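The next block is data-v1.cif, given as mmCIF, C-alpha atoms.
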```cif
data_final
#
loop_
_atom_site.label_atom_id
_atom_site.label_comp_id
_atom_site.auth_asym_id
_atom_site.auth_seq_id
_atom_site.Cartn_x
_atom_site.Cartn_y
_atom_site.Cartn_z
CA MET Y 95 0.00 0.00 0.00
CA GLY Y 96 2.88 2.34 0.74
CA ALA Y 97 4.16 2.06 -2.84
CA LEU Y 98 0.67 2.68 -4.24
CA ASP Y 99 0.27 5.84 -2.15
CA LYS Y 100 3.58 7.17 -3.46
CA ALA Y 101 2.58 6.47 -7.04
CA GLN Y 102 -0.73 8.31 -6.53
CA GLU Y 103 1.11 11.29 -5.10
CA ASN Y 104 3.42 11.38 -8.10
CA ILE Y 105 0.60 11.63 -10.68
CA LYS Y 106 -1.01 14.65 -8.99
CA MET Y 107 -1.40 17.44 -11.48
CA ASP Y 108 -1.26 21.19 -10.89
CA MET Y 109 -4.42 22.53 -12.52
CA THR Y 110 -3.66 26.21 -11.89
CA PRO Y 111 -2.01 27.12 -15.24
CA MET Y 112 -4.77 25.38 -17.17
CA ILE Y 113 -7.50 27.22 -15.28
CA ASP Y 114 -5.58 30.48 -15.75
CA CYS Y 115 -5.40 29.92 -19.47
CA VAL Y 116 -9.05 28.97 -19.77
CA PHE Y 117 -10.18 32.00 -17.82
CA LEU Y 118 -8.00 34.36 -19.85
CA LEU Y 119 -9.35 32.95 -23.11
CA MET Y 120 -12.92 33.17 -21.84
CA ILE Y 121 -12.51 36.79 -20.79
CA PHE Y 122 -10.90 37.67 -24.12
CA PHE Y 123 -13.66 36.11 -26.22
CA VAL Y 124 -16.47 37.48 -24.06
CA LEU Y 125 -15.04 40.98 -24.58
CA VAL Y 126 -14.58 40.47 -28.32
CA ILE Y 127 -18.15 39.21 -28.79
CA ASP Y 128 -19.59 42.09 -26.80
CA LEU Y 129 -17.65 44.75 -28.72
CA SER Y 130 -18.66 43.42 -32.13
CA GLN Y 131 -22.35 43.27 -31.27
CA THR Y 132 -22.93 46.68 -29.69
CA GLU Y 133 -24.35 48.13 -32.90
CA LEU Y 134 -26.82 45.33 -33.52
CA GLU Y 135 -30.13 45.35 -31.70
CA ASP Y 136 -32.11 42.19 -31.05
CA LEU Y 137 -34.56 42.22 -33.93
CA ILE Y 138 -35.62 39.83 -36.68
CA LEU Y 139 -34.66 40.93 -40.18
CA PRO Y 140 -36.58 39.92 -43.29
CA LYS Y 141 -35.10 36.98 -45.17
CA ALA Y 142 -33.08 37.73 -48.30
CA GLN Y 143 -33.89 35.53 -51.27
CA TYR Y 144 -31.49 36.96 -53.82
CA ALA Y 145 -29.11 39.37 -52.06
CA VAL Y 146 -25.58 38.15 -51.41
CA PRO Y 147 -24.15 38.13 -47.86
CA ASP Y 148 -22.39 41.29 -46.75
CA ASP Y 149 -19.09 39.52 -46.03
CA LYS Y 150 -16.81 42.53 -46.01
CA PRO Y 151 -18.72 45.47 -44.57
CA PRO Y 152 -16.90 48.79 -44.97
CA GLU Y 153 -15.13 50.07 -41.90
CA ASN Y 154 -16.91 52.75 -39.89
CA ARG Y 155 -20.22 52.25 -41.69
CA PRO Y 156 -22.87 53.50 -39.28
CA VAL Y 157 -25.57 50.96 -38.41
CA VAL Y 158 -28.88 52.47 -37.34
CA ASN Y 159 -31.57 50.22 -35.87
CA VAL Y 160 -35.29 50.98 -36.22
CA MET Y 161 -37.29 48.96 -33.73
CA GLN Y 162 -40.87 47.72 -34.07
CA ASP Y 163 -42.22 50.58 -31.97
CA GLY Y 164 -40.35 53.16 -34.08
CA LEU Y 165 -37.40 53.70 -31.72
CA VAL Y 166 -34.30 54.83 -33.62
CA LYS Y 167 -31.21 53.36 -31.94
CA PHE Y 168 -27.54 53.87 -32.65
CA LYS Y 169 -24.94 52.13 -30.50
CA ARG Y 170 -27.54 51.27 -27.86
CA ASN Y 171 -28.65 54.93 -27.52
CA VAL Y 172 -32.17 56.05 -28.46
CA TYR Y 173 -32.37 59.06 -30.78
CA HIS Y 174 -36.09 58.98 -31.55
CA ASP Y 175 -38.94 57.65 -29.48
CA PRO Y 176 -42.36 58.15 -31.09
CA GLY Y 177 -44.00 57.73 -27.67
CA LYS Y 178 -42.05 60.64 -26.15
CA ASP Y 179 -41.01 62.79 -29.12
CA GLY Y 180 -44.15 62.36 -31.23
CA LEU Y 181 -44.48 60.49 -34.52
CA GLU Y 182 -43.21 63.31 -36.74
CA ASN Y 183 -40.63 65.00 -34.53
CA TYR Y 184 -37.16 63.76 -35.50
CA GLN Y 185 -35.33 66.76 -34.05
CA ARG Y 186 -32.98 64.60 -31.93
CA VAL Y 187 -32.01 62.63 -35.03
CA LYS Y 188 -31.11 65.85 -36.82
CA THR Y 189 -29.30 67.57 -33.96
CA ASP Y 190 -27.71 64.65 -32.07
CA LEU Y 191 -27.46 61.61 -34.35
CA LEU Y 192 -26.58 63.04 -37.78
CA PRO Y 193 -23.48 64.95 -36.53
CA LYS Y 194 -22.23 61.68 -34.97
CA LEU Y 195 -22.77 59.78 -38.21
CA LYS Y 196 -21.14 62.61 -40.17
CA ALA Y 197 -18.07 62.43 -37.91
CA MET Y 198 -17.69 58.76 -38.90
CA SER Y 199 -17.81 59.54 -42.63
CA LYS Y 200 -14.78 60.16 -44.80
CA ASP Y 201 -16.32 60.98 -48.17
CA ILE Y 202 -18.05 64.37 -47.76
CA THR Y 203 -18.42 66.77 -50.70
CA PRO Y 204 -20.09 70.17 -50.63
CA GLU Y 205 -22.52 70.46 -53.57
CA ASN Y 206 -24.60 73.34 -54.81
CA LEU Y 207 -28.14 72.05 -55.10
CA GLY Y 208 -31.04 74.39 -55.74
CA GLY Y 209 -28.95 77.45 -54.86
CA ARG Y 210 -27.85 76.10 -51.48
CA THR Y 211 -24.61 74.46 -50.43
CA ILE Y 212 -25.32 71.01 -49.08
CA GLN Y 213 -22.77 68.78 -47.35
CA VAL Y 214 -23.35 65.60 -49.33
CA ILE Y 215 -22.12 62.46 -47.57
CA ASN Y 216 -21.27 59.69 -50.00
CA ASP Y 217 -20.74 57.00 -47.36
CA PRO Y 218 -23.76 54.76 -46.80
CA ILE Y 219 -25.82 54.20 -43.65
CA LEU Y 220 -27.01 50.65 -42.98
CA ILE Y 221 -30.57 50.56 -41.71
CA ARG Y 222 -31.56 47.50 -39.71
CA ALA Y 223 -35.23 47.27 -38.97
CA ASP Y 224 -37.45 44.47 -37.75
CA LYS Y 225 -39.37 42.74 -40.55
CA TRP Y 226 -42.64 43.93 -39.00
CA THR Y 227 -41.54 47.53 -38.34
CA ASP Y 228 -43.99 49.81 -40.10
CA TRP Y 229 -42.40 51.32 -43.19
CA TYR Y 230 -43.69 54.66 -41.91
CA HIS Y 231 -41.01 54.69 -39.19
CA VAL Y 232 -38.18 53.68 -41.54
CA GLY Y 233 -39.33 56.09 -44.23
CA LYS Y 234 -39.60 58.97 -41.74
CA PHE Y 235 -36.07 58.27 -40.51
CA MET Y 236 -34.79 58.24 -44.09
CA GLU Y 237 -36.59 61.54 -44.80
CA ASN Y 238 -34.77 63.08 -41.85
CA CYS Y 239 -31.33 61.86 -42.96
CA ILE Y 240 -31.14 64.77 -45.39
CA THR Y 241 -30.23 68.13 -43.89
CA PRO Y 242 -28.08 70.90 -45.46
CA GLU Y 243 -25.36 70.16 -42.89
CA ALA Y 244 -25.35 66.40 -43.47
CA ALA Y 245 -27.13 64.87 -46.45
CA PHE Y 246 -26.89 61.09 -46.31
CA TRP Y 247 -28.24 59.89 -49.64
CA LYS Y 248 -26.87 56.35 -49.79
CA ILE Y 249 -28.95 53.94 -47.77
CA GLU Y 250 -28.48 50.22 -47.32
CA LEU Y 251 -31.28 48.02 -46.02
CA ALA Y 252 -30.26 45.00 -43.97
CA MET Y 253 -31.69 41.54 -44.56
CA SER Y 254 -30.89 38.18 -43.07
CA GLU Y 255 -29.80 34.90 -44.60
CA LYS Y 256 -32.21 32.97 -42.40
CA ASP Y 257 -35.77 33.66 -41.35
CA LYS Y 258 -35.34 33.55 -37.59
CA GLU Y 259 -39.08 33.96 -37.07
CA GLU Y 260 -39.74 30.73 -38.96
CA VAL Y 261 -37.30 28.97 -36.62
CA LEU Y 262 -39.17 30.40 -33.61
CA LEU Y 263 -42.53 29.27 -34.98
CA LYS Y 264 -41.24 25.78 -35.73
CA ALA Y 265 -39.84 25.51 -32.21
CA ALA Y 266 -43.19 26.68 -30.76
CA ARG Y 267 -45.10 24.05 -32.79
CA ARG Y 268 -42.89 21.29 -31.38
CA MET I 148 21.75 14.18 -5.26
CA GLY I 149 19.26 11.33 -4.96
CA HIS I 150 16.84 13.54 -2.97
CA LEU I 151 17.20 16.46 -5.43
CA LYS I 152 16.37 14.20 -8.36
CA ASP I 153 13.24 12.96 -6.56
CA ALA I 154 12.10 16.56 -5.89
CA GLN I 155 12.64 17.56 -9.54
CA GLU I 156 10.63 14.59 -10.71
CA GLU I 157 7.75 15.56 -8.43
CA MET I 158 7.78 19.18 -9.70
CA GLU I 159 7.43 18.16 -13.34
CA LEU I 160 4.13 19.40 -14.70
CA ASP I 161 1.98 17.48 -17.15
CA MET I 162 1.07 20.08 -19.78
CA THR I 163 -1.05 17.77 -21.93
CA PRO I 164 -4.52 18.54 -20.48
CA MET I 165 -3.85 22.27 -20.57
CA ILE I 166 -2.72 22.15 -24.19
CA ASP I 167 -5.73 19.97 -25.02
CA VAL I 168 -8.13 22.47 -23.54
CA VAL I 169 -6.42 25.44 -25.15
CA PHE I 170 -6.48 23.80 -28.57
CA LEU I 171 -10.13 22.86 -28.18
CA LEU I 172 -11.01 26.44 -27.29
CA ILE I 173 -9.00 27.83 -30.18
CA ILE I 174 -10.67 25.46 -32.63
CA PHE I 175 -14.10 26.27 -31.22
CA PHE I 176 -13.64 30.02 -31.52
CA ILE I 177 -12.13 29.74 -35.00
CA CYS I 178 -15.04 27.62 -36.21
CA ILE I 179 -17.91 29.73 -34.89
CA ASP I 180 -18.72 32.86 -36.83
CA PHE I 181 -19.01 35.94 -34.68
CA LYS I 182 -20.33 38.04 -37.51
CA VAL I 183 -24.06 38.08 -37.98
CA LEU I 184 -24.35 37.23 -41.65
CA GLU I 185 -26.59 39.82 -43.13
CA ALA I 186 -27.16 41.04 -46.63
CA LYS I 187 -27.31 44.67 -47.68
CA LEU I 188 -29.54 46.30 -50.24
CA PRO I 189 -28.31 49.70 -51.42
CA ALA I 190 -30.78 52.45 -52.28
CA TYR I 191 -30.57 56.19 -52.79
CA LEU I 192 -32.36 59.18 -51.37
CA PRO I 193 -32.85 62.46 -53.25
CA LYS I 194 -29.93 64.76 -52.42
CA ASP I 195 -31.72 68.03 -53.16
CA VAL I 196 -33.19 69.82 -50.16
CA GLY I 197 -35.78 72.50 -50.76
CA THR I 198 -36.82 73.84 -54.15
CA ALA I 199 -34.48 73.49 -57.07
CA THR I 200 -34.15 76.48 -59.39
CA VAL I 201 -32.65 74.45 -62.24
CA GLN I 202 -35.08 72.86 -64.67
CA ALA I 203 -34.49 69.12 -64.51
CA GLU I 204 -34.82 67.04 -67.65
CA PRO I 205 -37.70 64.59 -67.14
CA GLN I 206 -36.50 61.02 -66.87
CA GLU I 207 -38.63 57.98 -67.29
CA LYS I 208 -38.73 55.84 -64.16
CA LEU I 209 -40.11 52.42 -63.37
CA ARG I 210 -42.70 52.70 -60.59
CA ILE I 211 -43.40 49.79 -58.30
CA GLN I 212 -46.28 50.27 -55.88
CA ILE I 213 -46.64 48.09 -52.82
CA VAL I 214 -50.29 47.75 -51.84
CA CYS I 215 -51.29 46.21 -48.54
CA ASP I 216 -54.43 44.09 -48.92
CA ASN I 217 -54.48 42.86 -45.33
CA PRO I 218 -52.46 44.60 -42.57
CA GLY I 219 -52.63 41.41 -40.48
CA THR I 220 -53.47 40.71 -36.87
CA PRO I 221 -50.78 41.51 -34.27
CA VAL I 222 -49.74 38.35 -32.39
CA PRO I 223 -47.05 38.30 -29.66
CA ARG I 224 -43.77 37.04 -31.12
CA TYR I 225 -42.56 35.64 -27.81
CA PRO I 226 -45.75 34.47 -26.03
CA ASN I 227 -43.80 33.13 -23.06
CA ALA I 228 -41.75 36.29 -22.45
CA PRO I 229 -42.22 37.78 -18.94
CA ALA I 230 -44.35 40.93 -18.82
CA GLY I 231 -41.52 43.37 -18.04
CA ASP I 232 -39.21 42.01 -20.75
CA GLU I 233 -38.67 44.07 -23.90
CA ARG I 234 -39.40 40.94 -25.94
CA ALA I 235 -42.94 40.79 -24.57
CA ARG I 236 -43.80 43.83 -26.73
CA ALA I 237 -42.56 42.27 -29.97
CA ILE I 238 -45.25 41.21 -32.40
CA ARG I 239 -45.68 39.49 -35.73
CA LEU I 240 -48.51 40.23 -38.13
CA GLU I 241 -50.49 37.10 -38.86
CA GLY I 242 -52.23 37.12 -42.23
CA HIS I 243 -50.33 40.20 -43.51
CA ARG I 244 -50.73 40.26 -47.29
CA ILE I 245 -49.44 42.59 -49.99
CA ARG I 246 -49.38 42.83 -53.77
CA TRP I 247 -47.21 44.77 -56.20
CA THR I 248 -48.27 47.01 -59.06
CA VAL I 249 -45.88 47.60 -61.96
CA GLY I 250 -47.62 49.78 -64.54
CA PRO I 251 -50.99 48.19 -65.27
CA LYS I 252 -49.93 44.75 -64.05
CA GLU I 253 -50.43 43.31 -60.58
CA PHE I 254 -48.43 40.57 -58.87
CA ASN I 255 -49.11 38.67 -55.67
CA SER I 256 -45.78 36.88 -55.30
CA VAL I 257 -42.21 38.11 -55.31
CA GLU I 258 -41.25 35.45 -57.88
CA LYS I 259 -43.79 36.82 -60.38
CA LEU I 260 -42.62 40.36 -59.64
CA LEU I 261 -39.02 39.33 -60.31
CA ALA I 262 -39.99 37.69 -63.61
CA GLU I 263 -41.72 40.89 -64.75
CA LEU I 264 -38.78 43.05 -63.65
CA LYS I 265 -36.36 40.82 -65.56
CA ARG I 266 -38.58 41.12 -68.64
CA VAL I 267 -38.63 44.91 -68.35
CA ARG I 268 -34.88 45.03 -67.74
CA ALA I 269 -34.26 43.18 -71.01
CA LEU I 270 -36.18 45.82 -73.03
CA PRO I 271 -33.96 48.30 -74.95
CA SER I 272 -36.07 51.21 -73.65
CA THR I 273 -34.84 50.48 -70.11
CA MET I 274 -31.46 51.94 -71.04
CA GLN I 275 -31.42 55.73 -70.81
CA LYS I 276 -28.95 58.57 -71.19
CA ASP I 277 -27.42 59.93 -68.01
CA PRO I 278 -28.46 63.62 -67.96
CA LYS I 279 -25.06 64.66 -66.53
CA THR I 280 -22.58 62.54 -68.46
CA GLY I 281 -24.63 61.39 -71.44
CA ALA I 282 -23.48 57.81 -70.85
CA PRO I 283 -26.06 55.01 -71.04
CA LYS I 284 -27.55 53.98 -67.73
CA VAL I 285 -30.28 51.69 -66.49
CA MET I 286 -33.65 53.28 -65.73
CA THR I 287 -34.24 54.32 -62.10
CA VAL I 288 -36.75 52.30 -60.11
CA VAL I 289 -39.06 54.13 -57.71
CA ILE I 290 -40.58 51.99 -54.97
CA GLU I 291 -43.77 53.41 -53.50
CA PRO I 292 -44.79 51.62 -50.31
CA GLY I 293 -48.47 52.20 -49.53
CA PRO I 294 -50.20 52.52 -46.15
CA ASP I 295 -49.74 49.62 -43.71
CA THR I 296 -46.69 48.22 -45.49
CA VAL I 297 -43.84 47.06 -43.27
CA TYR I 298 -40.04 47.05 -43.60
CA GLY I 299 -40.10 43.38 -44.66
CA ASP I 300 -42.35 44.18 -47.66
CA VAL I 301 -40.04 46.93 -48.88
CA ALA I 302 -36.83 44.97 -48.27
CA VAL I 303 -38.18 41.98 -50.22
CA THR I 304 -39.11 44.33 -53.09
CA VAL I 305 -35.66 45.95 -53.11
CA ASP I 306 -34.15 42.45 -53.07
CA ALA I 307 -36.11 41.52 -56.22
CA VAL I 308 -35.29 44.82 -57.95
CA GLN I 309 -31.59 44.25 -57.33
CA ALA I 310 -31.85 40.64 -58.52
CA ALA I 311 -33.34 41.95 -61.79
CA ASP I 312 -30.15 44.03 -62.21
CA PHE I 313 -31.56 47.50 -61.61
CA SER I 314 -28.99 49.51 -59.72
CA GLU I 315 -30.60 52.85 -58.92
CA ILE I 316 -33.46 52.61 -56.46
CA ASN I 317 -35.42 55.53 -55.00
CA PHE I 318 -38.34 55.65 -52.63
CA GLY I 319 -41.51 57.66 -53.06
CA GLY I 320 -45.19 57.58 -52.44
CA GLY I 321 -45.51 59.49 -49.17
CA LEU I 322 -45.78 58.08 -45.69
CA LYS I 323 -49.28 58.74 -44.44
CA GLY I 324 -50.87 55.48 -43.34
CA LYS I 325 -54.47 55.12 -42.24
CA ASN I 326 -53.21 54.23 -38.77
CA GLN I 327 -50.26 56.69 -38.78
CA GLY I 328 -47.63 54.08 -39.32
CA GLY I 329 -49.17 51.48 -37.09
CA ALA I 330 -48.18 53.34 -33.94
CA LEU I 331 -51.60 52.56 -32.54
CA ARG I 332 -51.29 48.93 -33.48
CA ARG I 333 -49.09 47.90 -30.56
CA PRO I 334 -50.74 45.32 -28.25
#
```
When written as structure tokens, how does the structure in this file appear?
Amino acid sequence: MGALDKAQENIKMDMTPMIDCVFLLMIFFVLVIDLSQTELEDLILPKAQYAVPDDKPPENRPVVNVMQDGLVKFKRNVYHDPGKDGLENYQRVKTDLLPKLKAMSKDITPENLGGRTIQVINDPILIRADKWTDWYHVGKFMENCITPEAAFWKIELAMSEKDKEEVLLKAARR
Amino acid sequence: MGHLKDAQEEMELDMTPMIDVVFLLIIFFICIDFKVLEAKLPAYLPKDVGTATVQAEPQEKLRIQIVCDNPGTPVPRYPNAPAGDERARAIRLEGHRIRWTVGPKEFNSVEKLLAELKRVRALPSTMQKDPKTGAPKVMTVVIEPGPDTVYGDVAVTVDAVQAADFSEINFGGGLKGKNQGGALRRP
């Protein structure tokens, strides 16, 4: 028995470095996931039938989320709330959001349109809206993306490769 | 020396499990895709603000109207979500139905709409002269979403227009819905 005890003592392993490593990796990946998802709100996009996946999105492209209840969100902050601001009042979008989006843009050209100088921004904005968001809310936001100080005219609409709602419904049926 | 050797042997660390775990984690994180795979559909808004003083040359455009035949009944998307949760407010519209109007023709499926758009795209009259450069360009498509249409309806339409190889897409038609954009529709 004495020999067996000694052998058991010899095969004892120090788990500390392994746990250290695992924890470090976990912390790293948790941070990376969180940082990459801050722009994307939890909503269900319509399914794309023909559009190709957006594999290489341009750097610094602003992503604006329009929620089902008309909230306009950018990087987790709300810039329009129809319940508080009113359906038509997009003043906060014009005064607070557009300057932030403009600061992210690189391709800005002043153009003389209709006798006025307009700061035309040639970088696109990606709009992510829920598939059941009323077009009224998305259209109103787009209308308010054009001001003389910042005229965003290139818009990209986001779609999804999969219909997540169908997955939810299938799961509910089971 | 005999004692020192024994001590060194006891201090030896078995690195195998640690390396195993590290490799498994690396493989796992390499294999999963952090990016949410989404597609983008480019469209353009009119740049001019206010009244233009320059007479614009009229350009023929292809108008696609989206007409909502049935707005649908709001049904909770997550029926089991707790009352205070943001998800409890999410809905889906059961029975929502739309149709498309291109000129005098009407379509009730996106496949039929795409077939018509491809037919129109193949016509020689679809190619126009760019008013600025004079170079040939494809006719602009104007999508006009009607009252009670939702983002999904418009996105699907833009998807079909792009698939038919039209590159310039504008939006029109106004935004007044009979229920002011469905703001009163929330459950």
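Between CA of Val158 (chain Y) and CA of Lys208 (chain I) there is a distance of 28.8 Å.
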Residues picked by the PyMOL selection byres ((chain Y) within 7 of (chain I)) here, as a PyMOL selection string? chain Y and resi 104+107-108+112+116+127+140+142+144-148+163+207-209+223-231+233+245+247-255
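Atom to atom, CA of Lys284 (chain I) and CA of Ser314 (chain I) stand 9.3 Å apart.
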When the PyMOL selection byres ((chain Y and resi 174-185) around 9) is applied to the structure above, which residues does it catch, written out as a PyMOL selection string? (chain Y and resi 163-167+172-173+186-190+231+234-235+238) or (chain I and resi 327-328+330)
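Interatomic distance, CA of Lys106 (chain Y) against CA of Phe170 (chain I): 22.3 Å.
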Please provide as a PyMOL selection string all residues within 12 Å of Pro251 (chain I), with the sequence filter that same-chain residues fewer than 3 positions apart are discarded (counting all atoms listed in the file). chain I and resi 209-212+247-248+254+263
Would you compute an axis-aligned box for region 249-258 of chain Y, covering every atom listed for it in the file with 5 Å of margin on each side, and report centre and edge lengths in Å to one decimal as JSON?
```
{"center_x": -32.1, "center_y": 43.5, "center_z": -42.7, "size_x": 17.3, "size_y": 31.0, "size_z": 20.2}
```
Starting from the displayed file, determine the output of the PyMOL selection byres ((chain Y and resi 241-244) around 6) and express the residue list as a PyMOL selection string. chain Y and resi 212-213+240+245
